[in-house]
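So this block is work24.pdb, PDB, C-alpha atoms:
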```
ATOM      1  CA  MET A 220      85.361 -35.629  22.801
ATOM      2  CA  ALA A 221      81.977 -35.044  21.153
ATOM      3  CA  ILE A 222      79.800 -37.303  23.244
ATOM      4  CA  PRO A 223      76.797 -34.931  23.647
ATOM      5  CA  VAL A 224      76.517 -34.473  19.868
ATOM      6  CA  PHE A 225      76.445 -38.179  19.094
ATOM      7  CA  LEU A 226      74.444 -39.147  22.176
ATOM      8  CA  LEU A 227      71.723 -36.639  21.294
ATOM      9  CA  SER A 228      71.570 -37.863  17.709
ATOM     10  CA  ILE A 229      71.345 -41.497  18.811
ATOM     11  CA  LEU A 230      68.596 -40.665  21.325
ATOM     12  CA  TRP A 231      66.577 -39.079  18.512
ATOM     13  CA  VAL A 232      67.067 -42.183  16.344
ATOM     14  CA  PHE A 233      65.845 -44.260  19.299
ATOM     15  CA  ILE A 234      62.757 -42.025  19.596
ATOM     16  CA  ILE A 235      62.035 -42.362  15.860
ATOM     17  CA  LEU A 236      62.365 -46.144  16.003
ATOM     18  CA  ASN A 237      59.872 -46.208  18.867
ATOM     19  CA  PHE A 238      57.381 -44.247  16.755
ATOM     20  CA  PHE A 239      57.732 -46.794  13.953
ATOM     21  CA  VAL A 240      57.626 -49.846  16.211
ATOM     22  CA  ARG A 241      54.529 -48.521  17.952
ATOM     23  CA  ASP A 242      52.796 -47.938  14.610
ATOM     24  CA  ILE A 243      53.701 -51.412  13.331
ATOM     25  CA  HIS A 244      52.649 -52.896  16.672
ATOM     26  CA  GLU A 245      49.206 -51.297  16.294
ATOM     27  CA  LEU A 246      48.614 -53.336  13.128
ATOM     28  CA  GLY A 247      48.288 -56.435  15.317
ATOM     29  CA  ARG A 248      45.354 -54.979  17.212
ATOM     30  CA  PRO A 249      42.111 -56.760  16.252
ATOM     31  CA  GLY A 250      40.144 -54.709  13.763
ATOM     32  CA  MET A 251      42.898 -52.160  13.133
ATOM     33  CA  LEU A 252      43.390 -53.035   9.462
ATOM     34  CA  GLU A 253      39.646 -52.821   8.851
ATOM     35  CA  GLN A 254      39.529 -49.427  10.581
ATOM     36  CA  MET A 255      42.464 -48.189   8.503
ATOM     37  CA  MET A 256      40.756 -49.306   5.316
ATOM     38  CA  SER A 257      37.535 -47.538   6.335
ATOM     39  CA  GLY A 258      39.374 -44.261   6.979
ATOM     40  CA  THR A 259      38.175 -44.024  10.575
ATOM     41  CA  ILE A 260      40.292 -45.225  13.503
ATOM     42  CA  ASP A 261      38.714 -45.425  16.957
ATOM     43  CA  GLY A 262      35.988 -43.051  15.777
ATOM     44  CA  VAL A 263      38.425 -40.459  14.378
ATOM     45  CA  ALA A 264      38.197 -39.729  10.646
ATOM     46  CA  ILE A 265      41.646 -39.828   9.063
ATOM     47  CA  THR A 266      41.769 -36.579   7.100
ATOM     48  CA  GLU A 267      44.499 -34.958   5.012
ATOM     49  CA  VAL A 268      45.110 -32.488   7.853
ATOM     50  CA  LEU A 269      45.506 -35.305  10.366
ATOM     51  CA  MET A 270      47.909 -37.103   8.013
ATOM     52  CA  LEU A 271      49.897 -33.862   7.608
ATOM     53  CA  LEU A 272      50.102 -33.421  11.386
ATOM     54  CA  GLY A 273      51.303 -37.007  11.731
ATOM     55  CA  GLY A 274      53.937 -36.385   9.062
ATOM     56  CA  ILE A 275      55.149 -33.257  10.850
ATOM     57  CA  MET A 276      55.188 -35.159  14.135
ATOM     58  CA  ILE A 277      57.595 -37.786  12.782
ATOM     59  CA  GLU A 278      59.604 -35.370  10.636
ATOM     60  CA  ILE A 279      60.691 -33.298  13.639
ATOM     61  CA  PRO A 280      62.673 -36.122  15.306
ATOM     62  CA  ILE A 281      64.143 -37.077  11.919
ATOM     63  CA  LEU A 282      65.284 -33.479  11.411
ATOM     64  CA  VAL A 283      66.718 -33.159  14.927
ATOM     65  CA  THR A 284      68.755 -36.335  14.384
ATOM     66  CA  ILE A 285      70.662 -34.464  11.675
ATOM     67  CA  LEU A 286      70.609 -31.073  13.401
ATOM     68  CA  ALA A 287      72.211 -32.601  16.500
ATOM     69  CA  LEU A 288      75.198 -33.500  14.349
ATOM     70  CA  LEU A 289      75.440 -30.276  12.353
ATOM     71  CA  LEU A 290      74.403 -27.283  14.443
ATOM     72  CA  PRO A 291      76.880 -25.268  16.501
ATOM     73  CA  HIS A 292      76.698 -25.741  20.262
ATOM     74  CA  GLY A 293      74.280 -22.957  21.277
ATOM     75  CA  MET A 294      71.765 -23.569  18.516
ATOM     76  CA  ASN A 295      72.108 -27.329  19.048
ATOM     77  CA  ARG A 296      71.284 -27.068  22.744
ATOM     78  CA  TRP A 297      68.180 -24.975  22.155
ATOM     79  CA  ALA A 298      67.019 -27.051  19.181
ATOM     80  CA  ASN A 299      67.188 -30.228  21.278
ATOM     81  CA  ILE A 300      65.443 -28.588  24.225
ATOM     82  CA  GLY A 301      62.726 -26.929  22.134
ATOM     83  CA  PHE A 302      62.035 -29.829  19.795
ATOM     84  CA  GLY A 303      62.217 -32.277  22.706
ATOM     85  CA  LEU A 304      59.500 -30.405  24.591
ATOM     86  CA  LEU A 305      57.453 -29.951  21.408
ATOM     87  CA  THR A 306      57.674 -33.683  20.656
ATOM     88  CA  MET A 307      56.451 -34.477  24.173
ATOM     89  CA  VAL A 308      53.422 -32.227  23.648
ATOM     90  CA  MET A 309      52.696 -33.811  20.253
ATOM     91  CA  ILE A 310      52.919 -37.351  21.673
ATOM     92  CA  VAL A 311      50.370 -36.502  24.356
ATOM     93  CA  ALA A 312      48.104 -34.635  21.894
ATOM     94  CA  MET A 313      48.051 -37.610  19.506
ATOM     95  CA  ASN A 314      47.308 -40.113  22.315
ATOM     96  CA  LEU A 315      44.530 -38.580  24.394
ATOM     97  CA  LYS A 316      42.939 -42.010  24.964
ATOM     98  CA  PRO A 317      45.937 -44.374  24.938
ATOM     99  CA  ASP A 318      45.604 -48.096  25.465
ATOM    100  CA  LEU A 319      48.084 -50.075  27.538
ATOM    101  CA  ASP A 320      50.669 -50.671  24.812
ATOM    102  CA  ASN A 321      50.541 -46.996  23.759
ATOM    103  CA  VAL A 322      51.245 -45.992  27.370
ATOM    104  CA  PHE A 323      54.249 -48.318  27.292
ATOM    105  CA  PHE A 324      55.672 -46.815  24.083
ATOM    106  CA  MET A 325      54.899 -43.269  25.243
ATOM    107  CA  SER A 326      56.737 -43.943  28.505
ATOM    108  CA  ILE A 327      59.828 -45.162  26.662
ATOM    109  CA  GLN A 328      59.732 -42.127  24.365
ATOM    110  CA  PHE A 329      59.300 -39.752  27.296
ATOM    111  CA  ILE A 330      62.286 -41.257  29.096
ATOM    112  CA  ALA A 331      64.417 -40.756  25.963
ATOM    113  CA  LEU A 332      63.069 -37.232  25.410
ATOM    114  CA  ILE A 333      63.688 -36.247  29.026
ATOM    115  CA  ALA A 334      67.224 -37.619  28.680
ATOM    116  CA  ALA A 335      67.792 -35.615  25.466
ATOM    117  CA  VAL A 336      66.429 -32.402  26.974
ATOM    118  CA  GLY A 337      68.450 -32.983  30.155
ATOM    119  CA  ILE A 338      71.679 -33.637  28.247
ATOM    120  CA  ALA A 339      71.122 -30.549  26.100
ATOM    121  CA  TRP A 340      70.259 -28.435  29.141
ATOM    122  CA  LYS A 341      73.457 -29.420  31.000
ATOM    123  CA  TRP A 342      75.697 -29.452  27.920
ATOM    124  CA  ARG A 343      78.463 -26.871  27.952
ATOM    125  CA  ALA A 344      80.559 -25.996  24.910
ATOM    126  CA  SER A 345      83.743 -27.234  26.594
ATOM    127  CA  GLU A 346      82.326 -30.797  26.725
ATOM    128  CA  GLY A 347      82.581 -31.409  23.015
ATOM    129  CA  ILE A 348      83.005 -30.073  19.543
ATOM    130  CA  ASP A 349      80.306 -27.768  18.191
ATOM    131  CA  ALA A 350      79.466 -29.997  15.245
ATOM    132  CA  ILE A 351      80.972 -32.492  12.895
ATOM    133  CA  PRO A 352      83.923 -30.850  11.146
ATOM    134  CA  THR A 353      83.466 -30.224   7.426
TER     135      THR A 353
END
```
Once more with this new file: its structure as structure tokens, please.
Amino acid sequence: MAIPVFLLSILWVFIILNFFVRDIHELGRPGMLEQMMSGTIDGVAITEVLMLLGGIMIEIPILVTILALLLPHGMNRWANIGFGLLTMVMIVAMNLKPDLDNVFFMSIQFIALIAAVGIAWKWRASEGIDAIPT
């Protein structure tokens, strides 16, 4: 049975969806569209570097969704642990002054990330196949 492989991948999809839902949810905040159009959100200038960092931040969970299905057991465990912890750090770094709804979405993401890291940490090779057979 390959439950850890699929469970980890599904947890990463869940995390990605929460990123997207949170971003869409922000559009309903009064003045957000005007701030986006001005290029400054909550006093922070939206630069190319900031956009690149945001792209990297979302690309990591997308990548790990696939890696969780393809990597052999040992690499898979460490990829999920390492990228899980890195994603937690990035979420906090990008939300230094979160409002109430951001705290809600961050909490949900942290629960899923802690679950993914915990599953990967406890996962032993005998519990499932290494990766999807080719």
Rounded to one decimal in Å, what is the spacing between atom CA of Val240 of chain A and atom CA of Phe324 of chain A?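 Taking atom CA of Val240 of chain A as the start and atom CA of Phe324 of chain A as the end point, the length is 8.7 Å.
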Quick check, in Å to one decimal: how far apart do atom CA of Thr259 of chain A and atom CA of Leu246 of chain A lie? 14.2 Å
To verify the selection step, state as a list in words which residues the PyMOL selection byres ((chain A and resi 226) around 12) yields on this input.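 So the PyMOL selection byres ((chain A and resi 226) around 12) ends up selecting Met220, Ala221, Ile222, Pro223, Val224, Phe225, Leu227, Ser228, Ile229, Leu230, Trp231, Val232, Phe233, Thr284, Ala287, Leu288, Asn299, Ala331, Leu332, Ala334, Ala335, Val336, Gly337, Ile338, Ala339, Trp342 and Gly347 of chain A.
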Could you give me the axis-aligned bounding box of segment 236-255 of chain A, with 6 Å of padding per side, as centre plus edge lengths in Å to one decimal, as lines of an AutoDock Vina configuration file?
```
center_x = 50.9
center_y = -50.5
center_z = 13.7
size_x = 34.8
size_y = 24.5
size_z = 22.4
```
Hey, can you check how far atom CA of Ala344 of chain A sits from atom CA of Ala298 of chain A?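 About the pair atom CA of Ala344 of chain A and atom CA of Ala298 of chain A: they are 14.7 Å apart.
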Given the file shown, enumerate the residues that the PyMOL selection byres ((chain A and resi 314) around 12) captures and present them as a PyMOL selection string. chain A and resi 241+261+263+273+307-313+315-326
Any chance you could model N, CA and C atoms for segment 239-272 of chain A and send them as an mmCIF file, in the coordinates of the input?
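Contents of the output file selection_36.cif:
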```
data_model
loop_
_atom_site.group_PDB
_atom_site.id
_atom_site.type_symbol
_atom_site.label_atom_id
_atom_site.label_comp_id
_atom_site.auth_asym_id
_atom_site.auth_seq_id
_atom_site.Cartn_x
_atom_site.Cartn_y
_atom_site.Cartn_z
ATOM 1 N N PHE A 239 58.001 -45.799 14.985
ATOM 2 C CA PHE A 239 57.732 -46.794 13.953
ATOM 3 C C PHE A 239 57.305 -48.134 14.547
ATOM 4 N N VAL A 240 57.975 -48.569 15.590
ATOM 5 C CA VAL A 240 57.626 -49.846 16.211
ATOM 6 C C VAL A 240 56.220 -49.783 16.786
ATOM 7 N N ARG A 241 55.879 -48.672 17.402
ATOM 8 C CA ARG A 241 54.529 -48.521 17.952
ATOM 9 C C ARG A 241 53.486 -48.601 16.842
ATOM 10 N N ASP A 242 53.748 -47.911 15.720
ATOM 11 C CA ASP A 242 52.796 -47.938 14.610
ATOM 12 C C ASP A 242 52.647 -49.343 14.027
ATOM 13 N N ILE A 243 53.742 -50.039 13.850
ATOM 14 C CA ILE A 243 53.701 -51.412 13.331
ATOM 15 C C ILE A 243 52.987 -52.315 14.337
ATOM 16 N N HIS A 244 53.265 -52.107 15.605
ATOM 17 C CA HIS A 244 52.649 -52.896 16.672
ATOM 18 C C HIS A 244 51.131 -52.737 16.666
ATOM 19 N N GLU A 245 50.652 -51.554 16.344
ATOM 20 C CA GLU A 245 49.206 -51.297 16.294
ATOM 21 C C GLU A 245 48.503 -52.154 15.240
ATOM 22 N N LEU A 246 49.226 -52.531 14.194
ATOM 23 C CA LEU A 246 48.614 -53.336 13.128
ATOM 24 C C LEU A 246 48.130 -54.693 13.644
ATOM 25 N N GLY A 247 48.703 -55.160 14.742
ATOM 26 C CA GLY A 247 48.288 -56.435 15.317
ATOM 27 C C GLY A 247 47.036 -56.348 16.160
ATOM 28 N N ARG A 248 46.559 -55.158 16.412
ATOM 29 C CA ARG A 248 45.354 -54.979 17.212
ATOM 30 C C ARG A 248 44.137 -55.434 16.401
ATOM 31 N N PRO A 249 43.288 -56.276 16.984
ATOM 32 C CA PRO A 249 42.111 -56.760 16.252
ATOM 33 C C PRO A 249 41.270 -55.612 15.696
ATOM 34 N N GLY A 250 40.986 -55.698 14.418
ATOM 35 C CA GLY A 250 40.144 -54.709 13.763
ATOM 36 C C GLY A 250 40.877 -53.482 13.246
ATOM 37 N N MET A 251 42.158 -53.361 13.542
ATOM 38 C CA MET A 251 42.898 -52.160 13.133
ATOM 39 C C MET A 251 42.980 -52.027 11.615
ATOM 40 N N LEU A 252 43.286 -53.118 10.925
ATOM 41 C CA LEU A 252 43.390 -53.035 9.462
ATOM 42 C C LEU A 252 42.056 -52.636 8.837
ATOM 43 N N GLU A 253 40.962 -53.171 9.362
ATOM 44 C CA GLU A 253 39.646 -52.821 8.851
ATOM 45 C C GLU A 253 39.352 -51.337 9.086
ATOM 46 N N GLN A 254 39.727 -50.846 10.281
ATOM 47 C CA GLN A 254 39.529 -49.427 10.581
ATOM 48 C C GLN A 254 40.362 -48.557 9.639
ATOM 49 N N MET A 255 41.597 -48.955 9.397
ATOM 50 C CA MET A 255 42.464 -48.189 8.503
ATOM 51 C C MET A 255 41.865 -48.130 7.097
ATOM 52 N N MET A 256 41.345 -49.256 6.659
ATOM 53 C CA MET A 256 40.756 -49.306 5.316
ATOM 54 C C MET A 256 39.481 -48.460 5.225
ATOM 55 N N SER A 257 38.769 -48.334 6.338
ATOM 56 C CA SER A 257 37.535 -47.538 6.335
ATOM 57 C C SER A 257 37.823 -46.040 6.419
ATOM 58 N N GLY A 258 39.026 -45.677 6.854
ATOM 59 C CA GLY A 258 39.374 -44.261 6.979
ATOM 60 C C GLY A 258 38.985 -43.656 8.304
ATOM 61 N N THR A 259 38.539 -44.489 9.237
ATOM 62 C CA THR A 259 38.175 -44.024 10.575
ATOM 63 C C THR A 259 38.811 -44.966 11.592
ATOM 64 N N ILE A 260 39.622 -44.409 12.486
ATOM 65 C CA ILE A 260 40.292 -45.225 13.503
ATOM 66 C C ILE A 260 39.833 -44.767 14.872
ATOM 67 N N ASP A 261 39.253 -45.701 15.619
ATOM 68 C CA ASP A 261 38.714 -45.425 16.957
ATOM 69 C C ASP A 261 37.781 -44.220 16.944
ATOM 70 N N GLY A 262 36.965 -44.125 15.885
ATOM 71 C CA GLY A 262 35.988 -43.051 15.777
ATOM 72 C C GLY A 262 36.529 -41.739 15.229
ATOM 73 N N VAL A 263 37.810 -41.685 14.907
ATOM 74 C CA VAL A 263 38.425 -40.459 14.378
ATOM 75 C C VAL A 263 38.623 -40.618 12.872
ATOM 76 N N ALA A 264 38.032 -39.702 12.100
ATOM 77 C CA ALA A 264 38.197 -39.729 10.646
ATOM 78 C C ALA A 264 39.625 -39.317 10.300
ATOM 79 N N ILE A 265 40.278 -40.116 9.485
ATOM 80 C CA ILE A 265 41.646 -39.828 9.063
ATOM 81 C C ILE A 265 41.577 -38.880 7.866
ATOM 82 N N THR A 266 41.846 -37.619 8.125
ATOM 83 C CA THR A 266 41.769 -36.579 7.100
ATOM 84 C C THR A 266 43.169 -36.234 6.599
ATOM 85 N N GLU A 267 43.210 -35.433 5.536
ATOM 86 C CA GLU A 267 44.499 -34.958 5.012
ATOM 87 C C GLU A 267 45.233 -34.129 6.067
ATOM 88 N N VAL A 268 44.498 -33.317 6.815
ATOM 89 C CA VAL A 268 45.110 -32.488 7.853
ATOM 90 C C VAL A 268 45.715 -33.371 8.941
ATOM 91 N N LEU A 269 44.997 -34.391 9.349
ATOM 92 C CA LEU A 269 45.506 -35.305 10.366
ATOM 93 C C LEU A 269 46.753 -36.041 9.864
ATOM 94 N N MET A 270 46.737 -36.447 8.600
ATOM 95 C CA MET A 270 47.909 -37.103 8.013
ATOM 96 C C MET A 270 49.096 -36.133 7.960
ATOM 97 N N LEU A 271 48.835 -34.870 7.622
ATOM 98 C CA LEU A 271 49.897 -33.862 7.608
ATOM 99 C C LEU A 271 50.481 -33.669 8.998
ATOM 100 N N LEU A 272 49.623 -33.572 10.012
ATOM 101 C CA LEU A 272 50.102 -33.421 11.386
ATOM 102 C C LEU A 272 50.942 -34.623 11.815
#
```
